[in-house]
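What follows is a set of notes on a single structure, which appears directly below.
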Amino acid sequence: MIQERLCEIRRALHQIPEIGLEEFETQHYLLKEINAVKTSYMKIKTWQTGTLVFVQGYNPEKTIGWRADIDGLPITEEVLSDFRSVHEGKMHACGHDFHMTIGLGLMEKLSREQPKNNYLFLFQPAEENEAGGMLMYEAGVFGDWLPDEFYALHVNPDLPVGTVATRSGTLFAATCEVRLHFKGKSGHAAFPNVANDMIIAATNFVQQAQTIISRNVNPVEGGVVTFGTFNAGTTNNVIAGEARITGTIRTLTDESNALTQQRIRELAVGISQSFNCEIDVILDQKGYLPVINNQKTTETFVQFMQNEQEVVVEKAPVAMTGEDFGYLLSKVPGTMFWLGVESLYGLHSERFEPKEEALPFAVEHVGNFLQSLDK
């Protein structure tokens, strides 16, 4: 596809961001584009808002998979353009509109002629909120279409267009969402002796939780425990009988994530005893495992890209970013990499504005790489 067509598709998708498992309009648009280039050796399967396109090879020895995530975020866009989001309070602030467009471009490029091997193009829902890759795998959607190797990219606003970056081993962290509900007894501010202040209990918990990584996890591995919301109380002269906090765990290994979750639960027990209160703890990891790139597929990808003119290859540092592609990579060997899109504002920003020149670059060079695997 030429740049003008890729930009047209990206802008159409950018206008209709939808939250995970609600991507009905997005799926309709994708199916329209897929059917426009469908051949006799292509098969289509849907699951909820997800879509799989299987390109049957004429003498297949393996199936090569490409994944593009399709959901948006609950963010109000502040970029002023003719193609800004028409869904109020929702935005493609993580670049999934780019991911889908590149996926469509790769599908069209690799299916112009029937390949020797099979290709699977996965347009996956709910990467941001429900680990859609895990849901589809556990639902048995792939069946005998499950790839032998899987690839995916994520746009990176800090890298210039023309750059790809990856590494063997861990690329992104395992994540786990944390929600706690503290239940004590409210009362008059003048009589704390007959109340049970949950602001104090929750504050103590947050402070102690900061020692989990520093005093329990191997410092070489690292990790993060961050609390992003703290809600308690109704007015200035009433002691809060309830408090709710939410946060996230980010670690570089599943083992560290499990240990951190265990310590969260143990701290909650200790705080509940110390402050004579009840604490409900919800730890929700879903399918957000660490993204661990296979050494062989990653070395093959890097070596190929180093020989592509106009491509700059960098070794990516490990990031605490979470990505549900880690679940699929726990089942199938493969590689994820960063694609430079150069934006002044970062991922999940209401002003995120990636450069569209990255679209034809990715389709050309990533397409060349995927075709090189068809041997």
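By order of appearance in the structure tokens: chains A, B, ..., then residues from 1 within every chain, and ligands from 1 in the order shown.
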- Task: Taking the chain letters and numbering used in this document, name the residues of region 32-187 of chain A that DSSP puts in strand (DSSP E), as a PyMOL selection string.
- Result: chain A and resi 42-47+50-55+63-69+118-124+149-156+163-166+169-183+187
Please produce, as JSON lines, a per-residue contact table for region 86-187 of chain A versus region 316-333 of chain A (criterion: any atom at most 8 Å away, only C-alpha atoms considered), showing the nearest atom pair and its distance in Å to one decimal, sorted by chain then residue number.
```
{"residue": "A:Glu127", "atom": "CA", "partner": "A:Asp324", "partner_atom": "CA", "distance": 6.0}
{"residue": "A:Glu128", "atom": "CA", "partner": "A:Glu323", "partner_atom": "CA", "distance": 7.9}
{"residue": "A:Ala131", "atom": "CA", "partner": "A:Asp324", "partner_atom": "CA", "distance": 5.4}
{"residue": "A:Gly132", "atom": "CA", "partner": "A:Asp324", "partner_atom": "CA", "distance": 7.5}
{"residue": "A:Gly133", "atom": "CA", "partner": "A:Asp324", "partner_atom": "CA", "distance": 6.4}
{"residue": "A:Met134", "atom": "CA", "partner": "A:Tyr327", "partner_atom": "CA", "distance": 6.1}
{"residue": "A:Tyr137", "atom": "CA", "partner": "A:Leu328", "partner_atom": "CA", "distance": 7.8}
{"residue": "A:Pro147", "atom": "CA", "partner": "A:Val332", "partner_atom": "CA", "distance": 7.1}
{"residue": "A:Asp148", "atom": "CA", "partner": "A:Val332", "partner_atom": "CA", "distance": 6.3}
{"residue": "A:Glu149", "atom": "CA", "partner": "A:Pro333", "partner_atom": "CA", "distance": 5.2}
{"residue": "A:Phe150", "atom": "CA", "partner": "A:Pro333", "partner_atom": "CA", "distance": 6.3}
{"residue": "A:Ala152", "atom": "CA", "partner": "A:Phe325", "partner_atom": "CA", "distance": 7.9}
{"residue": "A:Ala165", "atom": "CA", "partner": "A:Ala316", "partner_atom": "CA", "distance": 5.0}
{"residue": "A:Thr166", "atom": "CA", "partner": "A:Ala316", "partner_atom": "CA", "distance": 4.7}
{"residue": "A:Arg167", "atom": "CA", "partner": "A:Ala316", "partner_atom": "CA", "distance": 5.7}
{"residue": "A:Thr170", "atom": "CA", "partner": "A:Val318", "partner_atom": "CA", "distance": 6.6}
{"residue": "A:Leu171", "atom": "CA", "partner": "A:Val318", "partner_atom": "CA", "distance": 4.9}
{"residue": "A:Phe172", "atom": "CA", "partner": "A:Ala319", "partner_atom": "CA", "distance": 5.0}
{"residue": "A:Ala173", "atom": "CA", "partner": "A:Met320", "partner_atom": "CA", "distance": 4.8}
{"residue": "A:Ala174", "atom": "CA", "partner": "A:Gly322", "partner_atom": "CA", "distance": 6.1}
{"residue": "A:Thr175", "atom": "CA", "partner": "A:Gly322", "partner_atom": "CA", "distance": 5.8}
```
Selected residues written out with N, CA and C atoms, as a PDB file, in the first residue's frame:
```pdb
ATOM      1  N   GLU A 127      -6.165  -5.292  24.487  1.00  0.00           N
ATOM      2  CA  GLU A 127      -4.795  -5.355  25.005  1.00  0.00           C
ATOM      3  C   GLU A 127      -4.656  -4.503  26.260  1.00  0.00           C
ATOM      4  N   GLU A 128      -5.371  -3.383  26.306  1.00  0.00           N
ATOM      5  CA  GLU A 128      -5.181  -2.431  27.390  1.00  0.00           C
ATOM      6  C   GLU A 128      -5.863  -2.835  28.701  1.00  0.00           C
ATOM      7  N   ALA A 131      -6.439  -8.288  28.630  1.00  0.00           N
ATOM      8  CA  ALA A 131      -5.505  -9.296  28.116  1.00  0.00           C
ATOM      9  C   ALA A 131      -6.172 -10.164  27.052  1.00  0.00           C
ATOM     10  N   GLY A 132      -6.594  -9.503  25.973  1.00  0.00           N
ATOM     11  CA  GLY A 132      -7.340 -10.187  24.925  1.00  0.00           C
ATOM     12  C   GLY A 132      -6.606 -11.356  24.299  1.00  0.00           C
ATOM     13  N   GLY A 133      -5.276 -11.286  24.242  1.00  0.00           N
ATOM     14  CA  GLY A 133      -4.515 -12.404  23.692  1.00  0.00           C
ATOM     15  C   GLY A 133      -4.714 -13.662  24.515  1.00  0.00           C
ATOM     16  N   MET A 134      -4.688 -13.519  25.827  1.00  0.00           N
ATOM     17  CA  MET A 134      -4.925 -14.655  26.711  1.00  0.00           C
ATOM     18  C   MET A 134      -6.358 -15.176  26.547  1.00  0.00           C
ATOM     19  N   TYR A 137      -6.612 -17.165  23.346  1.00  0.00           N
ATOM     20  CA  TYR A 137      -5.884 -18.433  23.430  1.00  0.00           C
ATOM     21  C   TYR A 137      -6.652 -19.423  24.288  1.00  0.00           C
ATOM     22  N   PRO A 147       0.276 -20.029  15.387  1.00  0.00           N
ATOM     23  CA  PRO A 147       1.566 -19.887  14.701  1.00  0.00           C
ATOM     24  C   PRO A 147       2.671 -20.703  15.358  1.00  0.00           C
ATOM     25  N   ASP A 148       3.700 -20.981  14.577  1.00  0.00           N
ATOM     26  CA  ASP A 148       4.921 -21.589  15.097  1.00  0.00           C
ATOM     27  C   ASP A 148       5.877 -20.524  15.620  1.00  0.00           C
ATOM     28  N   GLU A 149       5.707 -19.316  15.138  1.00  0.00           N
ATOM     29  CA  GLU A 149       6.459 -18.164  15.646  1.00  0.00           C
ATOM     30  C   GLU A 149       5.586 -16.932  15.493  1.00  0.00           C
ATOM     31  N   PHE A 150       5.688 -16.007  16.460  1.00  0.00           N
ATOM     32  CA  PHE A 150       4.782 -14.862  16.527  1.00  0.00           C
ATOM     33  C   PHE A 150       5.605 -13.577  16.600  1.00  0.00           C
ATOM     34  N   ALA A 152       5.337  -9.033  16.677  1.00  0.00           N
ATOM     35  CA  ALA A 152       4.506  -7.852  16.894  1.00  0.00           C
ATOM     36  C   ALA A 152       5.419  -6.661  17.110  1.00  0.00           C
ATOM     37  N   ALA A 165      13.910  -1.130  17.539  1.00  0.00           N
ATOM     38  CA  ALA A 165      14.725  -1.469  18.709  1.00  0.00           C
ATOM     39  C   ALA A 165      14.122  -2.676  19.409  1.00  0.00           C
ATOM     40  N   THR A 166      14.984  -3.600  19.788  1.00  0.00           N
ATOM     41  CA  THR A 166      14.515  -4.771  20.515  1.00  0.00           C
ATOM     42  C   THR A 166      15.688  -5.384  21.248  1.00  0.00           C
ATOM     43  N   ARG A 167      15.441  -6.515  21.893  1.00  0.00           N
ATOM     44  CA  ARG A 167      16.482  -7.245  22.603  1.00  0.00           C
ATOM     45  C   ARG A 167      16.009  -8.672  22.809  1.00  0.00           C
ATOM     46  N   THR A 170      13.975 -10.554  28.219  1.00  0.00           N
ATOM     47  CA  THR A 170      12.894  -9.699  28.697  1.00  0.00           C
ATOM     48  C   THR A 170      12.954  -8.317  28.065  1.00  0.00           C
ATOM     49  N   LEU A 171      11.854  -7.927  27.431  1.00  0.00           N
ATOM     50  CA  LEU A 171      11.723  -6.600  26.848  1.00  0.00           C
ATOM     51  C   LEU A 171      10.819  -5.727  27.707  1.00  0.00           C
ATOM     52  N   PHE A 172       9.651  -6.266  28.091  1.00  0.00           N
ATOM     53  CA  PHE A 172       8.695  -5.546  28.928  1.00  0.00           C
ATOM     54  C   PHE A 172       8.400  -6.348  30.193  1.00  0.00           C
ATOM     55  N   ALA A 173       7.856  -5.653  31.179  1.00  0.00           N
ATOM     56  CA  ALA A 173       7.625  -6.240  32.494  1.00  0.00           C
ATOM     57  C   ALA A 173       6.314  -7.010  32.576  1.00  0.00           C
ATOM     58  N   ALA A 174       6.256  -7.875  33.597  1.00  0.00           N
ATOM     59  CA  ALA A 174       4.981  -8.451  34.017  1.00  0.00           C
ATOM     60  C   ALA A 174       4.257  -7.404  34.857  1.00  0.00           C
ATOM     61  N   THR A 175       2.938  -7.360  34.759  1.00  0.00           N
ATOM     62  CA  THR A 175       2.178  -6.380  35.528  1.00  0.00           C
ATOM     63  C   THR A 175       1.056  -7.067  36.295  1.00  0.00           C
TER      64      THR A 175
END
```
- Message: Calculated over only C-alpha atoms, which of the candidates A:Val341, A:Leu370, A:Val55, A:Ala243 has the smallest distance to Arg112 (chain A)?
- Response: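 Among the listed residues, A:Val55 lies closest to Arg112 (chain A).
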- Message: Let me make sure I understand: among A:Leu122, A:Tyr58, A:Asn276, A:Glu18, which one has the smallest atom-to-atom distance to Lys90 (chain A) if we use only C-alpha atoms?
- Response: A:Glu18
- Within region 152-328 of chain A, find each residue whose DSSP state, derived from the backbone, is helix (DSSP H, G or I), and express the selection as a PyMOL selection string. chain A and resi 192-194+198-209+211-216+254-274+295-306+325-328
Go ahead and save the residues from that selection, with C-alpha atoms, as an mmCIF file, in the first residue's frame.
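Full text of selection07.cif as output:
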```cif
data_model
loop_
_atom_site.group_PDB
_atom_site.id
_atom_site.type_symbol
_atom_site.label_atom_id
_atom_site.label_comp_id
_atom_site.auth_asym_id
_atom_site.auth_seq_id
_atom_site.Cartn_x
_atom_site.Cartn_y
_atom_site.Cartn_z
ATOM 1 C CA PRO A 192 -11.103 9.561 67.304
ATOM 2 C CA ASN A 193 -11.142 7.158 70.241
ATOM 3 C CA VAL A 194 -14.554 5.813 69.220
ATOM 4 C CA MET A 198 -9.057 4.188 57.522
ATOM 5 C CA ILE A 199 -7.003 7.073 56.158
ATOM 6 C CA ILE A 200 -4.380 6.223 58.759
ATOM 7 C CA ALA A 201 -4.602 2.494 58.021
ATOM 8 C CA ALA A 202 -4.385 2.941 54.250
ATOM 9 C CA THR A 203 -1.558 5.460 54.534
ATOM 10 C CA ASN A 204 0.460 3.035 56.623
ATOM 11 C CA PHE A 205 -0.149 0.326 54.050
ATOM 12 C CA VAL A 206 1.026 2.511 51.154
ATOM 13 C CA GLN A 207 4.198 3.468 53.024
ATOM 14 C CA GLN A 208 5.046 -0.095 53.986
ATOM 15 C CA ALA A 209 4.335 -1.368 50.476
ATOM 16 C CA THR A 211 9.606 -1.603 51.039
ATOM 17 C CA ILE A 212 8.443 -4.679 49.121
ATOM 18 C CA ILE A 213 10.687 -4.095 46.111
ATOM 19 C CA SER A 214 13.601 -2.553 48.013
ATOM 20 C CA ARG A 215 13.743 -5.290 50.680
ATOM 21 C CA ASN A 216 12.291 -8.407 49.039
ATOM 22 C CA ASP A 254 6.950 -13.931 36.949
ATOM 23 C CA GLU A 255 8.702 -15.065 40.122
ATOM 24 C CA SER A 256 9.200 -11.491 41.340
ATOM 25 C CA ASN A 257 5.603 -10.682 40.474
ATOM 26 C CA ALA A 258 4.334 -13.644 42.500
ATOM 27 C CA LEU A 259 6.569 -12.679 45.433
ATOM 28 C CA THR A 260 5.347 -9.080 45.322
ATOM 29 C CA GLN A 261 1.723 -10.200 45.259
ATOM 30 C CA GLN A 262 2.390 -12.475 48.238
ATOM 31 C CA ARG A 263 3.933 -9.598 50.209
ATOM 32 C CA ILE A 264 0.984 -7.328 49.359
ATOM 33 C CA ARG A 265 -1.376 -9.905 50.872
ATOM 34 C CA GLU A 266 0.841 -10.392 53.927
ATOM 35 C CA LEU A 267 1.097 -6.651 54.533
ATOM 36 C CA ALA A 268 -2.684 -6.366 54.294
ATOM 37 C CA VAL A 269 -3.069 -9.022 56.988
ATOM 38 C CA GLY A 270 -0.595 -7.191 59.211
ATOM 39 C CA ILE A 271 -2.267 -3.796 58.735
ATOM 40 C CA SER A 272 -5.708 -5.253 59.373
ATOM 41 C CA GLN A 273 -4.477 -6.675 62.694
ATOM 42 C CA SER A 274 -2.604 -3.514 63.662
ATOM 43 C CA GLN A 295 16.739 -15.570 21.287
ATOM 44 C CA LYS A 296 16.660 -17.283 17.888
ATOM 45 C CA THR A 297 13.763 -15.302 16.385
ATOM 46 C CA THR A 298 15.143 -12.048 17.776
ATOM 47 C CA GLU A 299 18.635 -12.627 16.406
ATOM 48 C CA THR A 300 17.101 -13.468 13.020
ATOM 49 C CA PHE A 301 15.045 -10.251 13.105
ATOM 50 C CA VAL A 302 17.989 -8.058 14.143
ATOM 51 C CA GLN A 303 20.366 -9.536 11.563
ATOM 52 C CA PHE A 304 17.829 -9.053 8.791
ATOM 53 C CA MET A 305 17.064 -5.434 9.741
ATOM 54 C CA GLN A 306 20.756 -4.582 9.990
ATOM 55 C CA PHE A 325 1.726 -10.076 23.991
ATOM 56 C CA GLY A 326 3.846 -11.585 26.763
ATOM 57 C CA TYR A 327 1.143 -14.201 27.266
ATOM 58 C CA LEU A 328 1.261 -15.294 23.624
#
```
- Query: For Val79 (chain A), which of A:His154, A:Lys183, A:His14, A:Lys43 is the closest residue, counting only C-alpha atoms?
  - Reply: A:His14
- Message: With distances taken over only C-alpha atoms, which residue among A:Thr248, A:Ser40, A:Gln210, A:Thr76 lies nearest Phe227 (chain A)?
- Response: A:Thr248
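CA of Thr251 (chain A) is found 4.3 Å from CA of Gly223 (chain A).
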